[in-house]
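Next up, protein19.cif (mmCIF, C-alpha atoms and all ligand atoms):
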```
data_structure
loop_
_atom_site.label_atom_id
_atom_site.label_comp_id
_atom_site.auth_asym_id
_atom_site.auth_seq_id
_atom_site.Cartn_x
_atom_site.Cartn_y
_atom_site.Cartn_z
CA MET A 10 7.37 -6.85 -46.40
CA ARG A 11 5.70 -3.72 -44.92
CA PRO A 12 1.95 -3.92 -44.32
CA SER A 13 0.10 -1.75 -46.86
CA GLY A 14 -2.38 -0.52 -44.21
CA GLY A 15 -6.14 -0.50 -44.51
CA ARG A 16 -8.23 -3.72 -44.48
CA ARG A 17 -6.64 -7.08 -43.95
CA ARG A 18 -6.88 -9.62 -46.72
CA PRO A 19 -7.67 -13.09 -45.31
CA ALA A 20 -7.08 -14.86 -48.60
CA ARG A 21 -3.61 -13.36 -48.90
CA ASP A 22 -2.86 -14.11 -45.24
CA ASP A 23 -3.90 -17.71 -45.80
CA ALA A 24 -1.67 -17.96 -48.84
CA HIS A 25 1.29 -16.60 -46.87
CA ARG A 26 0.61 -18.94 -44.00
CA GLN A 27 0.36 -21.91 -46.36
CA ALA A 28 3.57 -20.89 -48.09
CA ILE A 29 5.42 -20.86 -44.77
CA LEU A 30 4.00 -24.26 -43.82
CA SER A 31 4.92 -25.69 -47.22
CA ASN A 32 8.48 -24.48 -46.77
CA ILE A 33 8.88 -26.52 -43.62
CA PRO A 34 10.31 -29.96 -44.41
CA ASP A 35 8.97 -31.37 -41.10
CA GLN A 36 5.32 -32.14 -40.46
CA ALA A 37 3.62 -28.87 -39.44
CA TRP A 38 0.03 -27.92 -38.60
CA LEU A 39 -2.27 -25.41 -36.94
CA LYS A 40 -5.35 -26.38 -34.91
CA ASP A 41 -8.14 -24.44 -33.24
CA VAL A 42 -9.06 -24.82 -29.57
CA GLU A 43 -11.16 -27.91 -30.37
CA SER A 44 -8.16 -29.58 -32.01
CA ARG A 45 -9.64 -29.10 -35.49
CA TYR A 46 -7.03 -28.74 -38.19
CA VAL A 47 -6.89 -25.18 -39.54
CA ALA A 48 -3.88 -25.69 -41.78
CA VAL A 49 -1.44 -28.51 -42.49
CA ASN A 50 1.57 -28.78 -44.79
CA GLU A 51 2.33 -31.42 -47.43
CA ALA A 52 4.58 -33.40 -45.10
CA TYR A 53 1.76 -33.70 -42.59
CA ALA A 54 -0.77 -34.77 -45.23
CA GLU A 55 1.73 -37.32 -46.50
CA ALA A 56 2.19 -38.73 -42.95
CA CYS A 57 -1.60 -39.02 -42.51
CA GLY A 58 -2.03 -40.52 -45.96
CA LEU A 59 -4.81 -38.05 -46.81
CA PRO A 60 -5.03 -35.02 -49.11
CA GLN A 61 -4.69 -31.70 -47.27
CA GLU A 62 -8.26 -30.63 -47.96
CA GLU A 63 -9.59 -33.82 -46.35
CA ILE A 64 -7.74 -33.07 -43.13
CA LEU A 65 -8.83 -29.45 -42.70
CA GLY A 66 -11.74 -29.01 -40.29
CA ARG A 67 -11.31 -32.51 -38.90
CA ARG A 68 -9.89 -33.70 -35.59
CA PRO A 69 -7.01 -36.15 -34.89
CA THR A 70 -9.52 -38.96 -34.22
CA ASP A 71 -10.70 -38.61 -37.84
CA VAL A 72 -7.25 -38.88 -39.41
CA TRP A 73 -5.07 -40.98 -37.10
CA PRO A 74 -5.47 -44.46 -35.58
CA SER A 75 -7.20 -44.03 -32.22
CA ALA A 76 -4.20 -44.71 -29.91
CA ILE A 77 -2.19 -42.01 -31.65
CA ALA A 78 -5.14 -39.62 -31.91
CA ILE A 79 -5.86 -39.85 -28.17
CA GLN A 80 -2.24 -38.99 -27.42
CA TYR A 81 -2.50 -35.93 -29.70
CA LEU A 82 -5.73 -34.76 -28.13
CA THR A 83 -4.19 -35.13 -24.67
CA THR A 84 -1.10 -33.10 -25.54
CA ASP A 85 -3.29 -30.46 -27.26
CA ARG A 86 -5.31 -30.13 -24.05
CA THR A 87 -2.14 -29.79 -21.98
CA VAL A 88 -0.90 -26.97 -24.21
CA LEU A 89 -4.29 -25.20 -24.17
CA ALA A 90 -4.70 -25.56 -20.41
CA SER A 91 -1.15 -24.61 -19.45
CA GLY A 92 -0.56 -22.00 -22.12
CA THR A 93 3.00 -23.26 -22.43
CA GLN A 94 4.98 -25.01 -25.11
CA GLN A 95 5.26 -28.80 -24.89
CA ARG A 96 8.16 -30.73 -26.36
CA TYR A 97 8.21 -34.51 -26.41
CA GLU A 98 9.37 -37.54 -28.34
CA GLU A 99 6.91 -40.00 -29.81
CA ARG A 100 7.09 -43.24 -31.72
CA ARG A 101 4.64 -44.19 -34.39
CA PRO A 102 4.70 -46.32 -37.54
CA ASP A 103 5.03 -44.53 -40.87
CA ARG A 104 2.76 -45.30 -43.83
CA ARG A 105 4.81 -48.39 -44.68
CA GLY A 106 4.50 -49.69 -41.14
CA ARG A 107 8.12 -48.96 -40.13
CA MET A 108 8.42 -47.63 -36.59
CA ARG A 109 9.78 -44.07 -36.59
CA CYS A 110 10.72 -41.68 -33.82
CA TYR A 111 9.59 -38.02 -33.88
CA GLU A 112 10.35 -34.97 -31.83
CA THR A 113 7.19 -32.90 -31.53
CA ILE A 114 6.79 -29.32 -30.36
CA LYS A 115 3.34 -27.85 -29.67
CA THR A 116 2.86 -24.18 -28.89
CA PRO A 117 -0.26 -22.18 -27.97
CA VAL A 118 -1.40 -19.61 -30.56
CA ARG A 119 -2.78 -16.34 -29.11
CA ASP A 120 -4.80 -13.53 -30.62
CA ALA A 121 -3.97 -9.83 -30.31
CA ARG A 122 -5.53 -9.75 -26.82
CA GLY A 123 -3.50 -12.72 -25.61
CA ARG A 124 -6.34 -15.25 -25.63
CA ILE A 125 -5.41 -18.73 -26.75
CA ILE A 126 -7.13 -19.46 -30.06
CA GLY A 127 -5.45 -22.72 -30.97
CA THR A 128 -2.15 -24.58 -31.21
CA ALA A 129 0.72 -24.76 -33.67
CA GLY A 130 2.71 -27.95 -34.02
CA ILE A 131 5.77 -29.29 -35.72
CA SER A 132 6.97 -32.87 -35.75
CA ARG A 133 10.45 -33.87 -36.91
CA ASP A 134 11.51 -37.38 -37.85
CA ILE A 135 14.55 -38.04 -35.61
CA THR A 136 14.78 -41.79 -36.25
CA HIS A 137 18.13 -41.42 -37.98
CA HIS A 138 19.56 -39.34 -35.09
CA LYS A 139 18.25 -41.87 -32.59
CA ASN A 140 19.87 -44.74 -34.48
CA LEU A 141 23.16 -42.83 -34.66
CA GLU A 142 22.93 -42.03 -30.96
CA ARG A 143 22.33 -45.70 -30.12
CA GLU A 144 25.19 -46.76 -32.38
CA LEU A 145 27.48 -44.17 -30.78
CA ARG A 146 26.56 -45.37 -27.28
CA ARG A 147 27.12 -48.97 -28.30
CA SER A 148 30.49 -48.32 -29.89
CA ARG A 149 31.54 -46.12 -26.94
CA GLY A 150 30.61 -48.98 -24.63
CA GLN A 151 32.69 -51.35 -26.73
CA LEU A 152 35.66 -48.96 -26.70
CA ARG A 153 35.35 -48.71 -22.92
CA GLN A 154 35.39 -52.49 -22.65
CA LEU A 155 38.36 -52.71 -24.96
CA SER A 156 40.24 -50.02 -23.04
CA ALA A 157 39.50 -51.75 -19.72
CA HIS A 158 40.61 -55.07 -21.19
CA LEU A 159 43.85 -53.55 -22.50
CA HIS A 160 44.58 -51.96 -19.11
CA SER A 161 43.99 -55.29 -17.44
CA VAL A 162 46.15 -57.23 -19.92
CA ARG A 163 48.88 -54.62 -19.63
CA GLU A 164 48.84 -54.83 -15.85
CA GLU A 165 49.05 -58.62 -15.96
CA GLU A 166 51.93 -58.45 -18.38
CA ARG A 167 53.78 -55.84 -16.33
CA ALA A 168 53.29 -57.84 -13.14
CA ARG A 169 54.54 -61.01 -14.83
CA ILE A 170 57.66 -59.34 -16.27
CA ALA A 171 58.38 -57.61 -12.94
CA ARG A 172 58.14 -60.95 -11.10
CA GLU A 173 60.36 -62.69 -13.63
CA LEU A 174 62.95 -59.92 -13.48
CA HIS A 175 62.92 -60.12 -9.72
CA ASP A 176 62.80 -63.88 -9.28
CA GLU A 177 64.74 -65.24 -12.29
CA LEU A 178 67.21 -62.53 -13.24
CA GLY A 179 67.62 -61.42 -9.64
CA GLN A 180 68.65 -64.92 -8.54
CA ASN A 181 70.99 -65.36 -11.50
CA LEU A 182 72.68 -62.05 -10.76
CA THR A 183 73.09 -62.99 -7.11
CA ALA A 184 74.67 -66.31 -8.16
CA LEU A 185 76.93 -64.43 -10.57
CA ARG A 186 77.99 -62.03 -7.81
CA LEU A 187 78.76 -64.93 -5.44
CA GLY A 188 80.75 -66.66 -8.22
CA LEU A 189 82.83 -63.51 -8.75
CA ASP A 190 83.48 -63.27 -5.01
CA TRP A 191 84.58 -66.92 -5.02
CA ALA A 192 86.87 -66.39 -8.03
CA ASP A 193 88.39 -63.36 -6.32
CA ALA A 194 89.09 -65.45 -3.23
CA GLN A 195 91.05 -67.96 -5.36
CA LEU A 196 93.49 -65.33 -6.62
CA VAL A 197 97.12 -65.52 -5.53
CA PRO A 198 99.61 -62.64 -5.34
CA GLY A 199 100.80 -61.51 -8.77
CA GLN A 200 97.34 -61.75 -10.38
CA GLU A 201 96.54 -58.05 -9.93
CA ARG A 202 95.26 -57.58 -13.47
CA LEU A 203 92.80 -60.43 -13.00
CA SER A 204 91.80 -59.01 -9.61
CA ALA A 205 91.10 -55.59 -11.17
CA LYS A 206 89.01 -57.28 -13.88
CA LEU A 207 87.01 -59.22 -11.29
CA ALA A 208 86.45 -56.03 -9.28
CA SER A 209 85.03 -54.26 -12.34
CA LEU A 210 82.80 -57.27 -13.12
CA ARG A 211 81.52 -57.26 -9.49
CA HIS A 212 80.79 -53.56 -9.85
CA LEU A 213 78.90 -54.21 -13.10
CA ALA A 214 76.87 -57.01 -11.48
CA ASP A 215 75.92 -54.72 -8.56
CA ALA A 216 74.88 -51.91 -10.92
CA THR A 217 72.82 -54.38 -12.95
CA VAL A 218 71.01 -55.55 -9.79
CA VAL A 219 70.12 -51.93 -8.99
CA THR A 220 68.97 -51.19 -12.55
CA MET A 221 66.94 -54.37 -12.72
CA ALA A 222 65.23 -53.60 -9.41
CA ARG A 223 64.37 -50.11 -10.66
CA ILE A 224 62.91 -51.42 -13.93
CA ALA A 225 60.90 -54.09 -12.08
CA THR A 226 59.54 -51.50 -9.64
CA GLU A 227 58.61 -49.12 -12.43
CA LEU A 228 56.80 -51.91 -14.20
CA ARG A 229 54.87 -52.88 -11.12
CA PRO A 230 55.85 -52.09 -7.52
CA ILE A 231 55.96 -55.42 -5.73
CA ILE A 232 54.99 -53.58 -2.55
CA LEU A 233 51.52 -53.04 -4.07
CA ASP A 234 50.95 -56.77 -4.45
CA ASP A 235 52.69 -57.75 -1.22
CA LEU A 236 51.74 -55.00 1.25
CA GLY A 237 48.74 -53.36 -0.39
CA LEU A 238 47.51 -49.95 -1.50
CA ALA A 239 48.28 -47.92 1.64
CA ALA A 240 51.91 -49.06 1.80
CA ALA A 241 52.40 -48.64 -1.96
CA SER A 242 50.92 -45.10 -1.85
CA GLU A 243 53.25 -44.16 1.00
CA TRP A 244 56.21 -45.55 -0.89
CA LEU A 245 55.22 -43.67 -4.08
CA ALA A 246 54.65 -40.35 -2.29
CA GLU A 247 57.97 -40.68 -0.48
CA SER A 248 59.95 -41.49 -3.59
CA VAL A 249 58.38 -38.62 -5.60
CA ALA A 250 59.04 -36.21 -2.72
CA LYS A 251 62.66 -37.39 -2.48
CA GLN A 252 63.28 -37.11 -6.23
CA THR A 253 61.65 -33.70 -6.70
CA GLY A 254 61.83 -31.83 -3.39
CA ILE A 255 58.04 -31.24 -3.47
CA GLU A 256 56.45 -31.41 -0.02
CA ILE A 257 53.90 -34.20 -0.12
CA THR A 258 51.51 -34.91 2.75
CA LEU A 259 49.65 -38.18 2.81
CA SER A 260 46.65 -38.95 4.96
CA ILE A 261 45.31 -42.50 4.79
CA THR A 262 42.26 -43.51 6.79
CA LEU A 263 41.39 -46.81 5.20
CA ASN A 264 40.13 -49.53 7.53
CA ARG A 265 41.39 -52.13 5.10
CA ASP A 266 42.60 -52.35 1.54
CA PRO A 267 40.08 -52.64 -1.32
CA GLN A 268 38.57 -56.10 -1.67
CA ALA A 269 39.21 -56.29 -5.39
CA HIS A 270 42.87 -56.17 -6.27
CA GLU A 271 41.96 -54.46 -9.53
CA VAL A 272 40.48 -51.55 -7.56
CA ALA A 273 43.77 -51.17 -5.66
CA ILE A 274 45.72 -51.16 -8.93
CA THR A 275 43.38 -48.54 -10.40
CA LEU A 276 43.78 -46.25 -7.38
CA PHE A 277 47.53 -46.70 -7.43
CA ARG A 278 47.90 -46.04 -11.17
CA ILE A 279 45.71 -42.93 -10.99
CA LEU A 280 47.73 -41.61 -8.05
CA GLN A 281 50.88 -42.32 -10.05
CA GLU A 282 49.63 -40.42 -13.12
CA ALA A 283 48.36 -37.52 -10.98
CA LEU A 284 51.79 -37.20 -9.35
CA THR A 285 53.55 -37.50 -12.71
CA ASN A 286 51.37 -34.66 -14.05
CA ILE A 287 52.18 -32.53 -11.01
CA VAL A 288 55.90 -33.09 -11.50
CA ARG A 289 55.69 -32.41 -15.25
CA HIS A 290 53.24 -29.52 -15.41
CA ALA A 291 52.23 -27.99 -12.09
CA GLN A 292 55.37 -26.29 -10.71
CA ALA A 293 53.82 -27.01 -7.31
CA SER A 294 55.57 -26.82 -3.96
CA LEU A 295 52.87 -28.64 -1.98
CA VAL A 296 50.78 -31.73 -2.68
CA ALA A 297 48.15 -33.19 -0.36
CA ILE A 298 47.03 -36.77 -0.89
CA THR A 299 44.11 -38.25 1.02
CA LEU A 300 42.86 -41.78 0.80
CA THR A 301 39.66 -42.30 2.75
CA GLU A 302 36.47 -44.32 2.87
CA SER A 303 32.99 -42.98 2.40
CA GLY A 304 30.27 -45.61 2.71
CA ARG A 305 31.12 -48.36 0.29
CA GLU A 306 33.47 -46.16 -1.70
CA ILE A 307 37.14 -45.40 -1.51
CA VAL A 308 37.97 -41.78 -2.18
CA LEU A 309 41.35 -40.63 -3.41
CA GLU A 310 42.08 -36.91 -3.58
CA VAL A 311 45.24 -35.33 -4.89
CA ALA A 312 45.49 -31.56 -4.60
CA ASP A 313 48.43 -29.38 -5.59
CA ASN A 314 49.16 -25.68 -5.22
CA GLY A 315 50.62 -25.37 -8.72
CA CYS A 316 49.82 -23.32 -11.80
CA GLY A 317 46.59 -25.17 -12.62
CA PHE A 318 45.04 -25.36 -16.09
CA ALA A 319 41.69 -24.81 -17.79
CA PRO A 320 40.11 -28.27 -18.19
CA SER A 321 37.60 -27.02 -20.80
CA ALA A 322 40.37 -25.52 -22.97
CA HIS A 323 42.28 -28.76 -22.61
CA GLN A 324 39.26 -30.76 -23.84
CA ARG A 325 39.14 -28.66 -27.02
CA ARG A 326 42.78 -29.40 -27.84
CA ALA A 327 44.11 -32.68 -29.28
CA PRO A 328 43.47 -35.42 -26.74
CA THR A 329 46.26 -36.30 -24.33
CA LEU A 330 46.29 -39.74 -22.87
CA GLY A 331 47.04 -39.15 -19.19
CA LEU A 332 43.75 -37.61 -18.05
CA LEU A 333 41.78 -39.74 -20.52
CA GLY A 334 43.49 -42.88 -19.24
CA MET A 335 42.60 -41.90 -15.67
CA GLN A 336 38.95 -41.44 -16.63
CA GLU A 337 38.86 -44.76 -18.45
CA ARG A 338 40.58 -46.63 -15.64
CA ALA A 339 38.11 -45.15 -13.15
CA ALA A 340 35.12 -46.09 -15.33
CA ALA A 341 36.41 -49.66 -15.73
CA VAL A 342 35.98 -50.28 -11.99
CA GLY A 343 32.68 -48.36 -11.74
CA GLY A 344 34.34 -45.22 -10.41
CA VAL A 345 34.09 -41.52 -11.18
CA LEU A 346 36.95 -39.09 -11.57
CA ALA A 347 36.46 -35.35 -11.11
CA ILE A 348 39.11 -32.83 -12.11
CA GLU A 349 38.95 -29.32 -10.70
CA SER A 350 41.51 -26.85 -11.88
CA GLY A 351 41.90 -23.26 -12.94
CA ILE A 352 44.78 -21.12 -14.13
CA GLY A 353 46.70 -20.04 -11.04
CA SER A 354 44.56 -21.93 -8.55
CA GLY A 355 46.08 -25.40 -8.43
CA THR A 356 44.55 -28.72 -9.40
CA ARG A 357 42.45 -31.17 -7.42
CA ILE A 358 41.70 -34.67 -8.60
CA ALA A 359 39.00 -36.61 -6.78
CA LEU A 360 38.39 -40.25 -7.54
CA ARG A 361 35.55 -42.28 -6.03
CA VAL A 362 35.51 -46.02 -6.60
CA PRO A 363 33.34 -48.73 -5.13
CA ARG A 364 35.31 -51.14 -2.92
CA ARG A 365 34.29 -54.00 -5.17
CA ARG A 366 34.70 -54.06 -8.92
CA PRO A 367 31.26 -54.05 -10.58
CA ARG A 368 30.25 -57.18 -12.40
CA GLY A 369 30.97 -56.67 -16.07
CA PRO A 370 31.71 -58.54 -19.23
CA ARG A 371 35.33 -58.89 -18.13
CA SER A 372 36.38 -61.59 -15.76
CA ARG A 373 40.14 -61.25 -15.95
CA SER A 374 41.95 -59.43 -13.24
CA ALA A 375 45.57 -58.73 -12.73
CA PRO A 376 47.35 -61.36 -10.62
N1 LIG B 401 48.41 -31.03 -11.88
C1 LIG B 401 48.44 -30.31 -13.00
N2 LIG B 401 48.81 -29.00 -12.99
C2 LIG B 401 48.87 -28.26 -14.11
N3 LIG B 401 48.49 -28.71 -15.32
C3 LIG B 401 48.11 -29.99 -15.42
C4 LIG B 401 48.05 -30.86 -14.28
N4 LIG B 401 47.58 -32.07 -14.68
C5 LIG B 401 47.38 -31.96 -16.00
N5 LIG B 401 47.68 -30.71 -16.45
C6 LIG B 401 47.51 -30.19 -17.81
O1 LIG B 401 46.63 -31.06 -18.50
C7 LIG B 401 47.24 -31.54 -19.67
C8 LIG B 401 46.79 -32.95 -19.94
O2 LIG B 401 47.35 -33.87 -19.02
P1 LIG B 401 47.56 -35.36 -19.48
O3 LIG B 401 48.07 -36.14 -18.34
O4 LIG B 401 46.30 -35.81 -20.14
O5 LIG B 401 48.64 -35.23 -20.64
P2 LIG B 401 50.21 -35.01 -20.57
O6 LIG B 401 50.69 -35.18 -19.15
O7 LIG B 401 50.51 -33.71 -21.25
O8 LIG B 401 50.72 -36.18 -21.49
P3 LIG B 401 50.61 -37.75 -21.20
O9 LIG B 401 49.64 -38.24 -22.23
O10 LIG B 401 51.99 -38.25 -21.40
O11 LIG B 401 50.14 -37.94 -19.79
C9 LIG B 401 48.73 -31.39 -19.44
O12 LIG B 401 49.43 -31.24 -20.66
C10 LIG B 401 48.79 -30.13 -18.61
O13 LIG B 401 48.72 -28.99 -19.43
MG MG B 402 50.10 -36.87 -17.99
#
```
Just dump the structure as structure tokens.
Ligand SMILES: Nc1ncnc2c1ncn2[C@@H]1O[C@H](COP(=O)(O)OP(=O)(O)OP(=O)(O)O)[C@@H](O)[C@H]1O
Ligand SMILES: [Mg+2]
Amino acid sequence: MRPSGGRRRPARDDAHRQAILSNIPDQAWLKDVESRYVAVNEAYAEACGLPQEEILGRRPTDVWPSAIAIQYLTTDRTVLASGTQQRYEERRPDRRGRMRCYETIKTPVRDARGRIIGTAGISRDITHHKNLERELRRSRGQLRQLSAHLHSVREEERARIARELHDELGQNLTALRLGLDWADAQLVPGQERLSAKLASLRHLADATVVTMARIATELRPIILDDLGLAAASEWLAESVAKQTGIEITLSITLNRDPQAHEVAITLFRILQEALTNIVRHAQASLVAITLTESGREIVLEVADNGCGFAPSAHQRRAPTLGLLGMQERAAAVGGVLAIESGIGSGTRIALRVPRRRPRGPRSRSAP
């Protein structure tokens, strides 16, 4: 609306001001420099439990319990003295005595010459948001625990199956192979067809031993349990380099392996997923892996010179499980995973984990 010019009309201004305040669903008010209420809306009057006209001209100490009123006077003074907006959260009971949480914003009001002539305030009930936030944090914590538990159970299961394949099936296959050798030695001239059959069975037994060893290693490299993280990382880097032709450098400066076996498994699995991603997506020719210590932390870095990707764009797409799994595995042992990447500038993954697994609700660890 354009001003009509000429004299101002206070009554009309007041009506407009009151209309704006009434339109605000949150509690809203105006005060002068002495913290006297100049205008309040219905929501504010409702919160005080007084009619609007009984609030006007009075101070917070006249309309609020003293602990709350003192807080309001203090924040008013801060706004008046600093001349800046203040934003804070407060808790106070509503008229039925239920504790509520509010976000309050107080702003200085200035006249045409810039002098502060009072304050304007607005207070929003954010109890529902706070409850949702708490619930979200709680359920995220539970999901984290569940994910960590599932990783741990899966590792235990993989380790058990790998051991059984190696110990049970491996021994049986060896016995089978020896039996075939023995049977072959019993053959007499003229039993060529039987000899050929035995030769093909020996070949099958050998191939099965190789396949079984590969499956067992994929499930859980025994070298990790027997010789530790450094040896297992070397083995992994070497086998990926051999299979793909990518040049992989590995620099390990660990004084000793992690104290918690679970930490070693986490580092190994994250290295494994990082290398798998490089092979699948990066088109890299060079990969540098470093495994070092920094204070009480172990730091794993995997950098490639490949095509890179935009992590923020990736976050907006449907979730993929590799990077998420790495983050969750890292969090489960109190670690932090950082991913730096950009289109055309390679990818660098940096994982920091404490040597010891933090104490948590879980007590199971992989054998
Ligand atoms: N080293 C890398 N170089 C280039 N792009 C990468 C690299 N690592 C990850 N990415 C990109 O990030 C995406 C997400 O990786 P993530 O490991 O989460 O999923 P994925 O490998 O596609 O599938 P999976 O869930 O089977 O692991 C990949 O699809 C790829 O586009
Ligand atoms: Mg992946």
Ligand LIG 401 (chain B) neighbours within 10 Å using all atoms listed in the file, as JSON, numbers by chain: {"A": [282, 283, 284, 285, 286, 287, 288, 289, 290, 291, 292, 293, 296, 311, 312, 313, 314, 315, 316, 317, 318, 319, 320, 322, 323, 324, 326, 327, 328, 329, 330, 331, 332, 333, 334, 335, 336, 348, 349, 350, 351, 352, 353, 354, 355, 356, 357, 358]}
Within-12 Å shell of (-6.7, -31.4, -44.8) in input frame, only C-alpha atoms, as a PyMOL selection string: chain A and resi 27+37-40+45-69+71-72
Keeping C-alpha atoms for every residue in the selection just given, could you write it to a file as a PDB file, in the frame of the given file?
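Output below, filename selection_5.pdb:
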```
ATOM      1  CA  GLN A  27       0.360 -21.910 -46.360  1.00  0.00           C
ATOM      2  CA  ALA A  37       3.620 -28.870 -39.440  1.00  0.00           C
ATOM      3  CA  TRP A  38       0.030 -27.920 -38.600  1.00  0.00           C
ATOM      4  CA  LEU A  39      -2.270 -25.410 -36.940  1.00  0.00           C
ATOM      5  CA  LYS A  40      -5.350 -26.380 -34.910  1.00  0.00           C
ATOM      6  CA  ARG A  45      -9.640 -29.100 -35.490  1.00  0.00           C
ATOM      7  CA  TYR A  46      -7.030 -28.740 -38.190  1.00  0.00           C
ATOM      8  CA  VAL A  47      -6.890 -25.180 -39.540  1.00  0.00           C
ATOM      9  CA  ALA A  48      -3.880 -25.690 -41.780  1.00  0.00           C
ATOM     10  CA  VAL A  49      -1.440 -28.510 -42.490  1.00  0.00           C
ATOM     11  CA  ASN A  50       1.570 -28.780 -44.790  1.00  0.00           C
ATOM     12  CA  GLU A  51       2.330 -31.420 -47.430  1.00  0.00           C
ATOM     13  CA  ALA A  52       4.580 -33.400 -45.100  1.00  0.00           C
ATOM     14  CA  TYR A  53       1.760 -33.700 -42.590  1.00  0.00           C
ATOM     15  CA  ALA A  54      -0.770 -34.770 -45.230  1.00  0.00           C
ATOM     16  CA  GLU A  55       1.730 -37.320 -46.500  1.00  0.00           C
ATOM     17  CA  ALA A  56       2.190 -38.730 -42.950  1.00  0.00           C
ATOM     18  CA  CYS A  57      -1.600 -39.020 -42.510  1.00  0.00           C
ATOM     19  CA  GLY A  58      -2.030 -40.520 -45.960  1.00  0.00           C
ATOM     20  CA  LEU A  59      -4.810 -38.050 -46.810  1.00  0.00           C
ATOM     21  CA  PRO A  60      -5.030 -35.020 -49.110  1.00  0.00           C
ATOM     22  CA  GLN A  61      -4.690 -31.700 -47.270  1.00  0.00           C
ATOM     23  CA  GLU A  62      -8.260 -30.630 -47.960  1.00  0.00           C
ATOM     24  CA  GLU A  63      -9.590 -33.820 -46.350  1.00  0.00           C
ATOM     25  CA  ILE A  64      -7.740 -33.070 -43.130  1.00  0.00           C
ATOM     26  CA  LEU A  65      -8.830 -29.450 -42.700  1.00  0.00           C
ATOM     27  CA  GLY A  66     -11.740 -29.010 -40.290  1.00  0.00           C
ATOM     28  CA  ARG A  67     -11.310 -32.510 -38.900  1.00  0.00           C
ATOM     29  CA  ARG A  68      -9.890 -33.700 -35.590  1.00  0.00           C
ATOM     30  CA  PRO A  69      -7.010 -36.150 -34.890  1.00  0.00           C
ATOM     31  CA  ASP A  71     -10.700 -38.610 -37.840  1.00  0.00           C
ATOM     32  CA  VAL A  72      -7.250 -38.880 -39.410  1.00  0.00           C
TER      33      VAL A  72
END
```
Region 115-123 of chain A environment, 6 Å, only C-alpha atoms, sequence neighbours closer than 6 positions dropped, as a list in words: Gly92, Gln94, Gln95, Ala129 and Gly130 of chain A
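For the set A:Glu173, A:Glu164, A:Asp193, A:Glu98, the residue with the smallest atom-to-atom gap to Glu271 (chain A) is A:Glu164, counting all atoms listed in the file.
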Which residue of A:Ile114, A:Leu30, A:Val308, A:Leu280 approaches ligand MG 402 (chain B) most closely, using all atoms listed in the file: A:Leu280
Assuming 4 Å of padding per side, give the centre and edge lengths of the axis-aligned box around every listed atom of region 119-137 of chain A, in Å to one decimal and as JSON.
```
{"center_x": 5.5, "center_y": -25.8, "center_z": -31.8, "size_x": 33.3, "size_y": 40.0, "size_z": 20.4}
```
Coordinates-based distance that separates CA of Arg133 (chain A) from CA of Ala78 (chain A) (Å, one decimal):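 That distance, rounded to one decimal, is 17.4 Å.
Taking only C-alpha atoms into account, Gln281 (chain A) lies nearest to A:Glu227 out of the set A:Glu201, A:Asp35, A:Glu227, A:Glu256.
One finds CA of Asp234 (chain A) at 22.0 Å from CA of Ala340 (chain A).
The residue that comes closest to Thr84 (chain A), out of A:Ser248, A:Thr70, A:Thr217, A:Thr113 and on the basis of all atoms listed in the file, is A:Thr113.
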CA of Thr258 (chain A) to CA of Leu233 (chain A), straight-line distance in Å: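 Computing the Euclidean distance for CA of Leu233 (chain A) and CA of Thr258 (chain A) yields 19.4 Å.
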Nearest-residue call for ligand MG 402 (chain B), choices A:Ala20, A:Ile279, A:Ala225, A:Val272, using all atoms listed in the file: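 Selected residue with least distance to ligand MG 402 (chain B): A:Ile279.
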Polymer residues at most 12 Å from Leu159 (chain A), all atoms listed in the file, same-chain spacing of 2 or more positions, as an MDAnalysis selection string: chainID A and resid 152:157 161:167 334 337:338 341 371 373:375
Nearest to ligand MG 402 (chain B) by atom-to-atom distance, counting only C-alpha atoms and all ligand atoms, from A:Arg278, A:Arg364, A:Val219, A:Ala240: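 Ranked by minimum distance to ligand MG 402 (chain B), first place goes to A:Arg278.
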Ref. answer, residues at most 9 Å from (68.7, -58.9, -6.0) with all atoms listed in the file, as a ChimeraX atom specification: /A:175-176,178-183,215,218-219,221-222
